[in-house]
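**Student:** Take a look at this one; I'll ask things after.
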Amino acid sequence: RVDVDSRPEFIFGSVDFLVGSPDYCLRPPAPPSYLFVVDVSSSALSSGLTGTALSALKIIMEKDQVPGCHNGATVGIITFDQALHFYDCRSPTGAVTIQVVPDLDEPFLPLGGDGFFTSPKAAVAVLEAIESNYGLGENTAQITPSAKCALGAALLASRECLRDRGGKVFVVCGSLPSAGPGTIQRRAGATAGGEDKERLLLKESDSFYGNIGTEMAELNISTDIFLGPNSSYIDAATIMRTARCCGGRVNYIPNFDPTRDSVSLQRCMIQAVRSVVAFEAVARVRVSQGLETGEYLGHFARPQRGDDIAGPIFDSDQSIVVELSHEGKMLGDGEGNVKGGFANDVAAQCAVLYTDVMGRRRIRVHTVFASKTSTLQDVFRSADVDAVLTMMAKRGAQACLTSEMPLVKIRDALMSKCIQALFTYRKYCTNSSSTGQLILPEALKLLPIYILGLLKSPGFRVQPPQPTSPEAVPSDERAFCLMSLSTATPAVVVALAYPRMYSLESIPEAAGIPLPKNEGPMSQNPDLSNHDSMPICLPPTIPLTSEKLEKSRVLLIDGGTRLVAWVGEEVDQQMLQDAFVVPGAGDTNMYLLRGEILPGSGADMPDRAQRIIAIIQRLLNTRPGLCQTRVVMQRDPDGADARHFLSSLVEDRSGADGLSYVDFLRHVHRQIMNKIEDESSARDISNWEMLSQGY
């Protein structure tokens, strides 16, 4: 092309364009609006969920963590139990007045819609008023809370508040909705009883939550949901549909304990608010001739037209997968009329039209060029195992949540896809005739262990015959895992499939020490750098097997959404002091990770303690959706956290199928040899295509 020098998207991988034409705007660009909706029912108050959420919001407001807070961003706060509570802080005296709306079926806005939106700094007075009214902290309660939870009405009110402006909603809920629209009847206990019942528990029991999510998306409203029940069941599969339909995310902390979980909830809420970067967003993917876009996987609104997808709000911690298919002859394939540097390349380009946090309308263009090849060996040599796993995990998660396929068939389809890829490599890319050797492509040699880990994850693990078995997966935990896979980035998907395990009692000298700063244009751009995520050298990982569970060890497992520390029976006291904190009055039955509690390492602490803190903080900073941290003591092998930890050791014989990593490799090898004999690959491809359910 002769215009390459004048087209920055051909020179740079990512380019932003400012646009001023009204043709690109649904409404005049304006600073963003945020709405925080908090459960103040008696259950949420007694569990400490409400107090923790309000403390997190005070940090967000006081420390300028709201994106666009210096450019006119506004916030609003609603609380709910059996009624809705709106707060007005416009009084010249600074007093906060409360407007109560008892009508749940058709909630109205007593402050005229925009009346209760205010600046983040002014919203601190509202939060203090809520704490005072409900007796949080050192205050004496002035309001008697209700046991009812009107979550559905709160979502309706949120939609009306942001109807004319769009924006982001953050909902904190601690109990099963029991009043007004969206009331949910308890369908089952924590675990299901049979495959048919399990499949039903992953479907929404009430279409209200999916419908309100769709309506919000049409108004450019996105909702993030934080669930912290103090019981084992809240019907997450139904409530989370709202976030799924409008491009939001979900966080789930079961059996919420403020001593153990308050820091995790605060961290997740702060990160969720900080990650919002694009409002009223529409994305389109274009590809070179011969390629076509296929299925879209992730959380977003339904396509508006053609291949466009609406955000409506994008944040920095989600990913969307777009499947590309080769449908015809590409440019330069023997035509002889394409010349220049792009003749042997194909391109994929994603353009996102959005409003930034400063209220400016922009178009961000990502462009990727890839070389063409007619050799299958080159395809396997250039394969990205993380991308392959992410595609398979997201398609499997979507099938579990939307299709009528039983879990066993979805598992079989994932396993068959793995076997089909390795069979293709064995048949067409190798010359070995030995039937006793499993041959794996170098780029995909980790695919079998990743698939085994994915099948043993809570999202796809087979239930044991007895619902009361310690290995049974609660339906809420399964729904949360599947929803997390739907939005997770490739790095988080890999951690969910095969968690990283580190040994802390004997970390190398370099571990926990900051790496040299990368000097370059990216490090000089404050908008692109994460100031809270210093590059820290991590210790080497060790295999996920029970052989590593030695009595003198302290092991740390990073599972993407869950961080678990395992403490052996014979760990010395100094190691316990370096790595953990005993809360309260010294109850040694509960330990907390020191790196999670302390904001930084003090100079008076031992060197090992400082490095352990740095390692833990690095893991927390790189996992924005990590909402559960647990400490498991070897002396308590029967606890729920201990069972969850043991299920993470994917190389052991665990789960209902009882396959170890070696057993799984043998099974894969046997299936590949069977395929070579009977050429049954067509049936497996058909099973994989059954997972495609559309949005």
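In the structure tokens, chains take the letters A, B, ... in the order shown, each chain's residues start at 1, and ligands count up from 1 in the order shown.
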Contacts of Ile536 (chain A) at 10 Å or less, counting only C-alpha atoms, minus same-chain residues fewer than 5 places along, as a PyMOL selection string?
**Tutor:** chain A and resi 510-516+611+614-619
**Student:** Please provide the set of residues having any atom within 12 Å of Cys429 (chain A), restricted to only C-alpha atoms, with same-chain residues fewer than 5 positions apart removed, written as a ChimeraX atom specification.
**Tutor:** /A:375-381,421-424,439-442
**Student:** Extract, using only C-alpha atoms, all DNA, RNA and protein residues at most 10 Å from Ala387 (chain A), discarding same-chain residues fewer than 4 positions from it, and format them as number ranges by chain.
**Tutor:** A: 321, 383, 391-393, 489-491, 493-494
**Student:** Ile225 (chain A): which residues within 9 Å, counting only C-alpha atoms, same-chain residues fewer than 5 positions away excluded, as a PyMOL selection string?
**Tutor:** chain A and resi 169-173+239-240+242-243+248-252
**Student:** Keeping C-alpha atoms for every residue in the selection just given, could you write it to a file as an mmCIF file, in the first residue's frame?
**Tutor:**
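Result written to again-v8.cif:
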```cif
data_model
loop_
_atom_site.group_PDB
_atom_site.id
_atom_site.type_symbol
_atom_site.label_atom_id
_atom_site.label_comp_id
_atom_site.auth_asym_id
_atom_site.auth_seq_id
_atom_site.Cartn_x
_atom_site.Cartn_y
_atom_site.Cartn_z
ATOM 1 C CA VAL A 169 -23.510 -0.319 38.760
ATOM 2 C CA PHE A 170 -21.807 -2.231 41.588
ATOM 3 C CA VAL A 171 -24.138 -4.442 43.641
ATOM 4 C CA VAL A 172 -23.253 -6.059 46.983
ATOM 5 C CA CYS A 173 -25.709 -8.721 48.153
ATOM 6 C CA ILE A 239 -28.454 -13.698 40.075
ATOM 7 C CA MET A 240 -25.272 -13.666 37.992
ATOM 8 C CA THR A 242 -27.667 -9.837 35.145
ATOM 9 C CA ALA A 243 -23.909 -9.327 34.921
ATOM 10 C CA GLY A 248 -20.372 -7.156 33.939
ATOM 11 C CA ARG A 249 -18.367 -9.422 36.209
ATOM 12 C CA VAL A 250 -19.165 -11.490 39.274
ATOM 13 C CA ASN A 251 -17.372 -12.103 42.567
ATOM 14 C CA TYR A 252 -18.437 -14.783 45.013
#
```
**Student:** Hey, what's within 8 Å of region 326-329 of chain A if we count only C-alpha atoms and toss same-chain stuff fewer than 3 positions away? As a VMD selection string, please?
**Tutor:** chain A and resid 289 to 292 333
**Student:** Take the residues just selected and output them with N, CA and C atoms as a PDB file, in the first residue's frame.
**Tutor:**
```pdb
ATOM      1  N   GLN A 289      -9.527 -10.850   3.560  1.00  0.00           N
ATOM      2  CA  GLN A 289     -10.317 -11.683   2.651  1.00  0.00           C
ATOM      3  C   GLN A 289      -9.916 -13.144   2.821  1.00  0.00           C
ATOM      4  N   GLY A 290     -10.916 -14.006   2.854  1.00  0.00           N
ATOM      5  CA  GLY A 290     -10.677 -15.425   3.062  1.00  0.00           C
ATOM      6  C   GLY A 290     -10.923 -15.876   4.477  1.00  0.00           C
ATOM      7  N   LEU A 291     -10.948 -14.918   5.426  1.00  0.00           N
ATOM      8  CA  LEU A 291     -11.281 -15.219   6.815  1.00  0.00           C
ATOM      9  C   LEU A 291     -12.648 -14.646   7.146  1.00  0.00           C
ATOM     10  N   GLU A 292     -13.310 -15.245   8.129  1.00  0.00           N
ATOM     11  CA  GLU A 292     -14.591 -14.739   8.615  1.00  0.00           C
ATOM     12  C   GLU A 292     -14.630 -14.844  10.129  1.00  0.00           C
ATOM     13  N   ASP A 333      -2.921 -15.789  -2.724  1.00  0.00           N
ATOM     14  CA  ASP A 333      -2.859 -17.235  -2.886  1.00  0.00           C
ATOM     15  C   ASP A 333      -2.824 -17.591  -4.366  1.00  0.00           C
TER      16      ASP A 333
END
```
**Student:** Which polymer residues have any atom within 10 Å of an atom of Thr183 (chain A), counting only C-alpha atoms, with same-chain residues fewer than 6 positions away left out, as an MDAnalysis selection string?
**Tutor:** chainID A and resid 149:153 176:177 205:206 208
**Student:** Pick out each residue of region 157-348 of chain A that DSSP on the backbone tags as strand (DSSP E or B); I need them as a ChimeraX atom specification.
**Tutor:** /A:167-173,221-227,250-252,276-287,291-297,309-310,314-315,321-326,345-348
**Student:** If I take CA of Ser275 (chain A) and CA of Thr487 (chain A), how far is one from the other in Å, to one decimal?
**Tutor:**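 Spanning CA of Ser275 (chain A) to CA of Thr487 (chain A) is a straight-line distance of 13.7 Å.
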**Student:** Where does DSSP see alpha helix (DSSP H) in region 220-393 of chain A, if you list the residues as a PyMOL selection string?
**Tutor:** chain A and resi 236-239+241-245+258-274+376-381+385-393
**Student:** Let's have the selection written as a compact mmCIF listing (two decimals), in the first residue's frame, with N, CA and C atoms.
**Tutor:**
```
# COMPACT_ATOMS: atom_id res chain seq x y z
N ALA A 236 -26.55 -18.42 42.85
CA ALA A 236 -25.68 -17.56 42.06
C ALA A 236 -25.95 -17.70 40.57
N ALA A 237 -26.34 -18.89 40.11
CA ALA A 237 -26.58 -19.10 38.69
C ALA A 237 -27.67 -18.19 38.16
N THR A 238 -28.65 -17.85 38.99
CA THR A 238 -29.73 -16.96 38.57
C THR A 238 -29.32 -15.50 38.69
N ILE A 239 -28.78 -15.11 39.83
CA ILE A 239 -28.45 -13.70 40.07
C ILE A 239 -27.36 -13.21 39.12
N ARG A 241 -26.87 -13.82 36.14
CA ARG A 241 -27.30 -13.59 34.75
C ARG A 241 -27.34 -12.10 34.42
N THR A 242 -27.63 -11.28 35.41
CA THR A 242 -27.67 -9.84 35.14
C THR A 242 -26.31 -9.35 34.65
N ALA A 243 -25.25 -9.74 35.34
CA ALA A 243 -23.91 -9.33 34.92
C ALA A 243 -23.56 -9.90 33.56
N ARG A 244 -23.93 -11.13 33.32
CA ARG A 244 -23.57 -11.77 32.05
C ARG A 244 -24.21 -11.06 30.87
N CYS A 245 -25.44 -10.59 31.01
CA CYS A 245 -26.17 -10.00 29.89
C CYS A 245 -25.80 -8.55 29.61
N PRO A 258 -16.10 -11.83 58.19
CA PRO A 258 -15.41 -10.54 58.08
C PRO A 258 -13.95 -10.60 58.52
N THR A 259 -13.64 -11.43 59.48
CA THR A 259 -12.25 -11.54 59.92
C THR A 259 -11.37 -12.10 58.81
N ARG A 260 -11.89 -13.06 58.09
CA ARG A 260 -11.11 -13.75 57.06
C ARG A 260 -11.24 -13.09 55.69
N ASP A 261 -12.43 -12.57 55.36
CA ASP A 261 -12.74 -12.19 53.98
C ASP A 261 -12.87 -10.70 53.74
N SER A 262 -12.79 -9.87 54.78
CA SER A 262 -13.04 -8.44 54.57
C SER A 262 -12.01 -7.82 53.64
N VAL A 263 -10.74 -8.18 53.81
CA VAL A 263 -9.70 -7.60 52.95
C VAL A 263 -9.89 -8.04 51.51
N SER A 264 -10.28 -9.30 51.29
CA SER A 264 -10.50 -9.80 49.93
C SER A 264 -11.63 -9.04 49.25
N LEU A 265 -12.74 -8.84 49.96
CA LEU A 265 -13.86 -8.11 49.37
C LEU A 265 -13.48 -6.67 49.06
N GLN A 266 -12.80 -6.02 49.99
CA GLN A 266 -12.40 -4.63 49.75
C GLN A 266 -11.47 -4.54 48.54
N ARG A 267 -10.51 -5.45 48.44
CA ARG A 267 -9.58 -5.42 47.32
C ARG A 267 -10.32 -5.63 45.99
N CYS A 268 -11.25 -6.57 45.96
CA CYS A 268 -11.99 -6.84 44.72
C CYS A 268 -12.86 -5.65 44.32
N MET A 269 -13.50 -5.01 45.29
CA MET A 269 -14.34 -3.86 44.97
C MET A 269 -13.50 -2.69 44.46
N ILE A 270 -12.38 -2.44 45.11
CA ILE A 270 -11.52 -1.33 44.67
C ILE A 270 -11.00 -1.59 43.26
N GLN A 271 -10.56 -2.82 43.01
CA GLN A 271 -10.02 -3.14 41.68
C GLN A 271 -11.11 -3.08 40.62
N ALA A 272 -12.33 -3.52 40.95
CA ALA A 272 -13.43 -3.48 39.99
C ALA A 272 -13.75 -2.05 39.58
N VAL A 273 -13.73 -1.14 40.54
CA VAL A 273 -14.00 0.27 40.22
C VAL A 273 -12.86 0.86 39.40
N ARG A 274 -11.65 0.59 39.80
CA ARG A 274 -10.49 1.17 39.11
C ARG A 274 -10.34 0.67 37.68
N LEU A 376 1.05 -27.76 7.68
CA LEU A 376 0.41 -28.02 8.97
C LEU A 376 1.42 -27.98 10.11
N GLN A 377 2.67 -28.36 9.82
CA GLN A 377 3.70 -28.31 10.86
C GLN A 377 3.89 -26.89 11.37
N ASP A 378 3.81 -25.90 10.47
CA ASP A 378 3.96 -24.51 10.90
C ASP A 378 2.81 -24.08 11.81
N VAL A 379 1.63 -24.59 11.55
CA VAL A 379 0.48 -24.26 12.39
C VAL A 379 0.71 -24.75 13.82
N PHE A 380 1.15 -25.99 13.97
CA PHE A 380 1.41 -26.52 15.30
C PHE A 380 2.61 -25.85 15.94
N ARG A 381 3.61 -25.48 15.14
CA ARG A 381 4.80 -24.85 15.69
C ARG A 381 4.48 -23.47 16.26
N VAL A 385 -0.74 -22.22 23.29
CA VAL A 385 -1.50 -23.15 24.12
C VAL A 385 -2.45 -22.40 25.06
N ASP A 386 -2.05 -21.20 25.53
CA ASP A 386 -2.95 -20.43 26.40
C ASP A 386 -4.20 -20.01 25.64
N ALA A 387 -4.03 -19.58 24.39
CA ALA A 387 -5.19 -19.17 23.59
C ALA A 387 -6.09 -20.35 23.28
N VAL A 388 -5.48 -21.50 22.97
CA VAL A 388 -6.28 -22.71 22.68
C VAL A 388 -7.10 -23.10 23.89
N LEU A 389 -6.46 -23.12 25.07
CA LEU A 389 -7.18 -23.48 26.29
C LEU A 389 -8.29 -22.48 26.59
N THR A 390 -8.02 -21.18 26.42
CA THR A 390 -9.03 -20.16 26.70
C THR A 390 -10.25 -20.34 25.81
N MET A 391 -10.02 -20.60 24.54
CA MET A 391 -11.14 -20.82 23.62
C MET A 391 -11.97 -22.03 24.06
N MET A 392 -11.31 -23.12 24.39
CA MET A 392 -12.03 -24.34 24.78
C MET A 392 -12.78 -24.13 26.09
N ALA A 393 -12.13 -23.48 27.07
CA ALA A 393 -12.77 -23.28 28.37
C ALA A 393 -13.99 -22.38 28.26
```
**Student:** Using only C-alpha atoms for the distances, tell me which of A:Tyr233, A:Phe80, A:Phe664, A:Phe108 is nearest to Leu452 (chain A).
**Tutor:**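 Result for the nearest residue to Leu452 (chain A): A:Phe664.
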**Student:** Just want the 12 Å neighbourhood of region 8-25 of chain A, counted on only C-alpha atoms, with same-chain residues fewer than 2 positions away dropped. Output as a PyMOL selection string.
**Tutor:** chain A and resi 1-6+27-30+279-282+341-342+347-356+358-369
**Student:** Between CA of Leu485 (chain A) and CA of Gly396 (chain A), what is the distance, to one decimal in Å?
**Tutor:**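 Computed distance, CA of Leu485 (chain A) to CA of Gly396 (chain A), equals 9.2 Å.
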